[in-house]
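Since the structure comes first, as structure tokens, the remarks are kept for the end.
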Protein chains: 2
Amino acid sequence: MINHYYKNKSRFLVAADCIIFGFKEKELHVLLTRRPVEPLAGEWSLMGGFVAENESLEAAAKKVLYDYTQQEGIYMEQVNAYGEIDRDTGGRVISVAFYALVRLEEFDTSLAQKFDAKWINIKELPKLIFDHNQMVKDALTLLRFKVSMEPIIFEFFDEKFTLPALQDLYEAIYQREIDKRNFRKKLSSMEILDKLDIKDTLSSKRGAFYYQFNEEKYNDLLERGKYFSL
Amino acid sequence: MINHYYKNKSRFLVAADCIIFGFKEKELHVLLTRRPVEPLAGEWSLMGGFVAENESLEAAAKKVLYDYTQQEGIYMEQVNAYGEIDRDTGGRVISVAFYALVRLEEFDTSLAQKFDAKWINIKELPKLIFDHNQMVKDALTLLRFKVSMEPIIFEFFDEKFTLPALQDLYEAIYQREIDKRNFRKKLSSMEILDKLDIKDTLSSKRGAFYYQFNEEKYNDLLERGKYFSL
DNA sequence: ACAAAAGTGTTCACACTACACCCATGG
DNA sequence: CCATGGGTGTAGTGTGAACACTTTTGT
């Protein structure tokens, strides 16, 4: 016996929109594209795609990420669902936003050409279509919160990074300057980084030592009842 | 000219599920119902309903809240969207969860009868249908975070409350005991409460003074560059 | 030699924690 | 008069913020 509870109910288009963050030139950037279709073709937009029948929301977002970056295993988290009736002027679409952190060292810039996409400095965010500006705002709020609570800031880097670069990223995320000594003190007190023997000599004459995030040390921290906090 | 971008895409049933919190007998409770329809009829479930064509997600959630509590202006916030393919064993449904805080003083208990609903102590949460346990867990995490950052704890009360009751609620939310003096010190340092001349003499012989949250004082606090923090 | 960025400790203020006794009242 | 819960202050500890100089090296 089948009931009719699920029958005669409205069905909706569901989209997954991605706020793709990257770190470049000491600033936080978002990957944006010129919308290829009407309405509002040519306007700035987040990367998105419709959810398919046999796809979870996360899978749809991962697909969008893979299509535009060709990277897998990208750190991703749901921001919110957006469901105002007229949010999409092309039709009734419910959109679920995800933010993602990508490593720009690995980014294939030819992809940007292909999709008419561009890394835009978060400080110079243009007007986006629909409610995408709100999505970016919400994503940034969540990112800030998460960065302060969990060691996700390292997802922006390809394994190794220098402390000055890490601090630049931190300052870009929070849009405020912080004291170098306090920043390094906090990091070293957590004992979650490995100092490497090699230096990055590109961005300074003296050169800055590379560091790596050490997952085991991080787990040790948690086992001691301590928490990550930046 | 109309494009085909929105055509031939899958459409989904979208539900709004509500985690309705209330404070009762010194414990945090959630309003649950016995699911009236198959599959899993008779099992414990959150309150929910399908989103209609001309309804935003928030409006759908508000409707669910109104139907089950007959209260308006309830504090409500989105938790997350849940979109695993098989999360609902009755069909493909994408669900957006909202948590809400209701005043149990005003709650009409006859409604509970009508909907086969019950206030369940959060410490004795039964197995719920689908991913509803996860939703409650996520809602509780978000609630704890929000309570510590914004003055929403007062939404549990009908205007006035005593400090012992407020502390009981706080301890129920965080499931840990805290020091009476420190709790009161923190509250009084924010200067956002008005002490009334009347006492609640029901729960103790001596009686505890009633207090009220004062919105203007709270705004003054913000203007001074300070923040609410519990 | 000098410019430019890397690296390094200490002090102070404030916030959080722990802790014990008196008060008011109903029964 | 006594049992029950309401109400109050202080000292110690830890965390976050402010702050200046030396080192290295490429040009």
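By order in the structure tokens, chains are A, B, ...; within a chain, residues start at 1; ligands start at 1, following the order shown.
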Do me a favour and pick out the residues of chain C within 7 Å of chain B, using only C-alpha atoms (C1' of nucleotides), as a list in words.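 Listing them in order of chain and number gives DA24, DT25 and DG26 of chain C.
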Pull out every residue of chain A sitting within 10 Å of chain B, counting only C-alpha atoms, and send them as a ChimeraX atom specification. /A:1-7,9-14,36-39,50-59,78-87,90-97
Restricting the calculation to only C-alpha atoms (C1' of nucleotides): of B:Arg176, B:Lys195, B:Lys127, B:Arg181, which residue gets closest to chain D?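 Distance minimum relative to chain D lands on B:Arg181.
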Hey, can you check how far CA of Gln70 (chain A) sits from CA of Tyr99 (chain A)?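 Here the two named atoms are 16.2 Å from each other.
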Counting only C-alpha atoms (C1' of nucleotides), chain D residues within 10 Å of chain B, as a PyMOL selection string: chain D and resi 4-9
